[in-house]
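Source file: work.cif. Holds: mmCIF, C-alpha atoms and all ligand atoms.
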data_my_file
loop_
_atom_site.label_atom_id
_atom_site.label_comp_id
_atom_site.auth_asym_id
_atom_site.auth_seq_id
_atom_site.Cartn_x
_atom_site.Cartn_y
_atom_site.Cartn_z
CA MET A 1 -63.76 -99.02 24.13
CA GLU A 2 -64.95 -102.34 22.82
CA ARG A 3 -66.66 -104.78 25.21
CA ILE A 4 -65.16 -108.23 25.61
CA TRP A 5 -67.55 -111.01 24.61
CA ALA A 6 -66.13 -114.35 25.82
CA PRO A 7 -68.85 -117.04 25.60
CA TRP A 8 -66.24 -119.84 25.88
CA ARG A 9 -65.88 -118.90 29.56
CA ILE A 10 -69.27 -120.55 30.28
CA GLU A 11 -67.43 -123.90 30.42
CA TYR A 12 -65.30 -122.56 33.29
CA ILE A 13 -68.26 -120.92 35.03
CA ARG A 14 -70.30 -124.16 34.97
CA LYS A 15 -67.36 -126.45 35.70
CA LYS A 16 -67.28 -128.18 39.09
CA LYS A 17 -64.43 -126.52 40.94
CA SER A 18 -61.68 -128.50 42.64
CA ASP A 19 -61.83 -128.65 46.44
CA GLY A 20 -58.16 -127.71 46.63
CA CYS A 21 -56.44 -124.67 45.18
CA ILE A 22 -55.94 -125.10 41.43
CA LEU A 23 -52.95 -122.72 41.44
CA CYS A 24 -51.17 -124.71 44.17
CA GLU A 25 -52.05 -127.98 42.42
CA ILE A 26 -50.55 -126.74 39.14
CA LEU A 27 -47.37 -125.57 40.88
CA LYS A 28 -46.82 -129.04 42.39
CA GLN A 29 -47.14 -130.78 39.04
CA ASP A 30 -44.11 -130.98 36.79
CA GLU A 31 -46.14 -130.22 33.67
CA ASP A 32 -45.55 -126.54 33.00
CA ILE A 33 -46.17 -126.78 29.25
CA SER A 34 -49.53 -128.58 29.48
CA ASN A 35 -50.53 -126.37 32.42
CA TYR A 36 -49.62 -123.22 30.43
CA ILE A 37 -47.07 -122.00 32.98
CA LEU A 38 -45.01 -119.53 30.97
CA TYR A 39 -42.50 -118.50 33.58
CA ARG A 40 -41.42 -119.35 37.11
CA ASP A 41 -39.53 -116.62 38.93
CA VAL A 42 -38.16 -116.82 42.50
CA GLU A 43 -41.45 -116.03 44.30
CA ASN A 44 -44.14 -115.91 41.58
CA ALA A 45 -45.25 -117.64 38.41
CA ILE A 46 -46.98 -116.50 35.22
CA ILE A 47 -49.65 -118.68 33.66
CA LEU A 48 -51.72 -118.35 30.51
CA ASN A 49 -55.38 -118.29 31.54
CA SER A 50 -57.14 -121.46 30.30
CA TYR A 51 -60.42 -119.55 29.98
CA PRO A 52 -59.21 -116.16 28.74
CA TYR A 53 -61.24 -113.02 28.26
CA ASN A 54 -58.92 -112.26 25.34
CA PRO A 55 -55.99 -114.08 23.70
CA GLY A 56 -52.89 -113.46 25.81
CA HIS A 57 -54.81 -113.21 29.11
CA LEU A 58 -52.14 -113.85 31.75
CA VAL A 59 -52.36 -114.55 35.47
CA ILE A 60 -49.51 -113.82 37.87
CA PHE A 61 -49.56 -115.48 41.27
CA PRO A 62 -47.20 -116.02 44.21
CA TYR A 63 -46.04 -119.51 45.15
CA LYS A 64 -47.36 -118.85 48.65
CA HIS A 65 -51.05 -119.71 49.13
CA ILE A 66 -52.42 -116.50 50.57
CA ALA A 67 -55.68 -114.63 50.03
CA ASN A 68 -54.45 -111.05 50.48
CA LEU A 69 -51.68 -108.82 49.19
CA LYS A 70 -50.87 -107.74 52.72
CA ASN A 71 -49.55 -111.25 53.43
CA LEU A 72 -46.90 -110.99 50.75
CA THR A 73 -43.41 -110.06 51.85
CA GLU A 74 -41.92 -106.95 50.28
CA LYS A 75 -39.71 -109.14 48.09
CA GLU A 76 -42.69 -111.24 46.91
CA ARG A 77 -44.83 -108.14 46.24
CA ASN A 78 -42.05 -106.31 44.38
CA GLU A 79 -41.38 -109.31 42.17
CA HIS A 80 -45.14 -109.77 41.59
CA PHE A 81 -45.62 -106.25 40.29
CA ALA A 82 -42.35 -106.28 38.36
CA LEU A 83 -43.75 -109.32 36.52
CA VAL A 84 -46.98 -107.41 35.85
CA SER A 85 -44.93 -104.64 34.28
CA ARG A 86 -42.74 -107.02 32.26
CA SER A 87 -45.81 -108.92 31.05
CA THR A 88 -47.36 -105.79 29.59
CA LYS A 89 -44.12 -105.13 27.71
CA VAL A 90 -44.08 -108.67 26.29
CA LEU A 91 -47.80 -108.62 25.43
CA ARG A 92 -47.39 -105.26 23.70
CA GLN A 93 -44.78 -106.84 21.43
CA ALA A 94 -46.37 -110.30 20.99
CA PHE A 95 -50.01 -109.28 20.59
CA ASN A 96 -49.60 -105.70 19.44
CA SER A 97 -51.65 -104.72 22.49
CA GLU A 98 -52.48 -101.06 22.79
CA GLY A 99 -53.75 -101.23 26.37
CA PHE A 100 -54.51 -103.59 29.24
CA ASN A 101 -57.04 -104.38 31.91
CA ILE A 102 -55.06 -105.33 35.01
CA GLY A 103 -57.02 -106.53 37.99
CA ILE A 104 -57.07 -108.34 41.30
CA ASN A 105 -60.36 -109.66 42.67
CA LEU A 106 -60.00 -109.95 46.45
CA GLY A 107 -62.73 -112.17 47.90
CA LYS A 108 -65.71 -114.02 46.40
CA VAL A 109 -67.89 -110.93 46.74
CA ALA A 110 -65.47 -109.12 44.41
CA GLY A 111 -65.72 -111.88 41.82
CA ALA A 112 -62.64 -113.93 42.68
CA GLY A 113 -62.87 -117.37 41.06
CA ILE A 114 -59.95 -118.56 43.18
CA ASP A 115 -60.45 -116.55 46.34
CA GLY A 116 -57.88 -118.27 48.56
CA HIS A 117 -54.86 -117.53 46.38
CA VAL A 118 -54.26 -113.93 45.38
CA HIS A 119 -53.50 -113.41 41.70
CA THR A 120 -53.37 -110.61 39.16
CA HIS A 121 -55.09 -110.77 35.78
CA ILE A 122 -53.59 -109.04 32.76
CA VAL A 123 -55.95 -108.81 29.80
CA PRO A 124 -54.45 -107.30 26.66
CA ARG A 125 -56.69 -104.97 24.63
CA ARG A 126 -56.61 -103.68 21.08
ZN ZN A 201 -53.10 -121.86 46.37
#
Show me, as structure tokens, the structure contained in the file I just sent.
Amino acid sequence: MERIWAPWRIEYIRKKKSDGCILCEILKQDEDISNYILYRDVENAIILNSYPYNPGHLVIFPYKHIANLKNLTEKERNEHFALVSRSTKVLRQAFNSEGFNIGINLGKVAGAGIDGHVHTHIVPRR
């Protein structure tokens, strides 16, 4: 397994973070293309990470601002993980990905950059 070296992420790490929730702010704007929103489903959206670990790094998040998976309804949770599955299929075709790191960081102590709004990272690997 090759380690991911992503020095461009230092800009994000050092950047002053917004007081509000960046995911909620992006959803309210009508600028999906410039905000890299790839898809809006009924309960969740898919966004291209602006500071990716790898090209094709996607983030899936519910429209509802919640910090934990347990606060998702069954419908929201099912759609969320169906989008995770569909995303891997698309990334496999588009990026020739052979594998993925799929992760959810719950809470600041677990490394969540946006700890108030649960989201799933999908990082394609080759
Ligand atoms: Zn939010």
Quiz item: Mind listing the residues within 8 Å of ligand ZN 201 (chain A), only C-alpha atoms and all ligand atoms counted, as a list in words?
Solution: Gly20, Cys21, Ile22, Leu23, Cys24, Glu25, Tyr63, Lys64, His65, Ile66, Gly116 and His117 of chain A
Exercise. Could you tell me how far atom CA of A:Ser50 lies from atom CA of A:Tyr36, in Å and to one decimal?
Key: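 Taking atom CA of A:Ser50 as the start and atom CA of A:Tyr36 as the end point, the length is 7.7 Å.
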Which residues of stretch 6-60 of chain A come within 9 Å of stretch 82-87 of chain A, and for each one, what is the closest pair of atoms and their distance in Å to one decimal, counting only C-alpha atoms, sorted by chain and residue number, as a Markdown table?
| residue | atom | partner | partner_atom | distance |
| --- | --- | --- | --- | --- |
| A:Asp41 | CA | A:Leu83 | CA | 8.8 |
| A:Asn44 | CA | A:Leu83 | CA | 8.3 |
| A:Ala45 | CA | A:Leu83 | CA | 8.7 |
| A:Ile46 | CA | A:Leu83 | CA | 8.0 |
| A:Leu58 | CA | A:Ser87 | CA | 8.1 |
| A:Val59 | CA | A:Val84 | CA | 8.9 |
| A:Ile60 | CA | A:Val84 | CA | 7.2 |
Quiz item: For A:Arg92, which of A:Val123, A:Asn105, A:Leu27, A:Ala6 is the closest residue, counting all atoms listed in the file?
Solution: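 Between A:Val123, A:Asn105, A:Leu27, A:Ala6, the residue approaching A:Arg92 most closely is A:Val123.
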Using the file's own x, y and z axes, so that the box edges lie along x, y and z, what centre and edge lengths in Å (one decimal) does a box around every listed atom of stretch 99-102 of chain A get when 8 Å is added on each side? Give it as lines of an AutoDock Vina configuration file.
center_x = -55.4
center_y = -103.3
center_z = 30.7
size_x = 19.3
size_y = 20.1
size_z = 24.6
Quiz item: If you measure from atom CA of A:Asp32 to atom CA of A:Leu72, what distance in Å do you get, rounded to one decimal?
Solution: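 Between atom CA of A:Asp32 and atom CA of A:Leu72 the gap works out to 23.6 Å.
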Self-check item: Interatomic distance, atom CA of A:Gly103 to atom CA of A:Gln29 (Å, one decimal)
Solution: 26.2 Å
Practice problem: Rank nothing, just name the residue among A:Asn49, A:Asn35, A:Asn54, A:Gln93 nearest to A:Glu2, using all atoms listed in the file. | Solution: A:Asn54
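Taking all atoms listed in the file into account, A:Lys15 lies nearest to A:Tyr51 out of the set A:Lys70, A:Glu31, A:Tyr51, A:Asn96.
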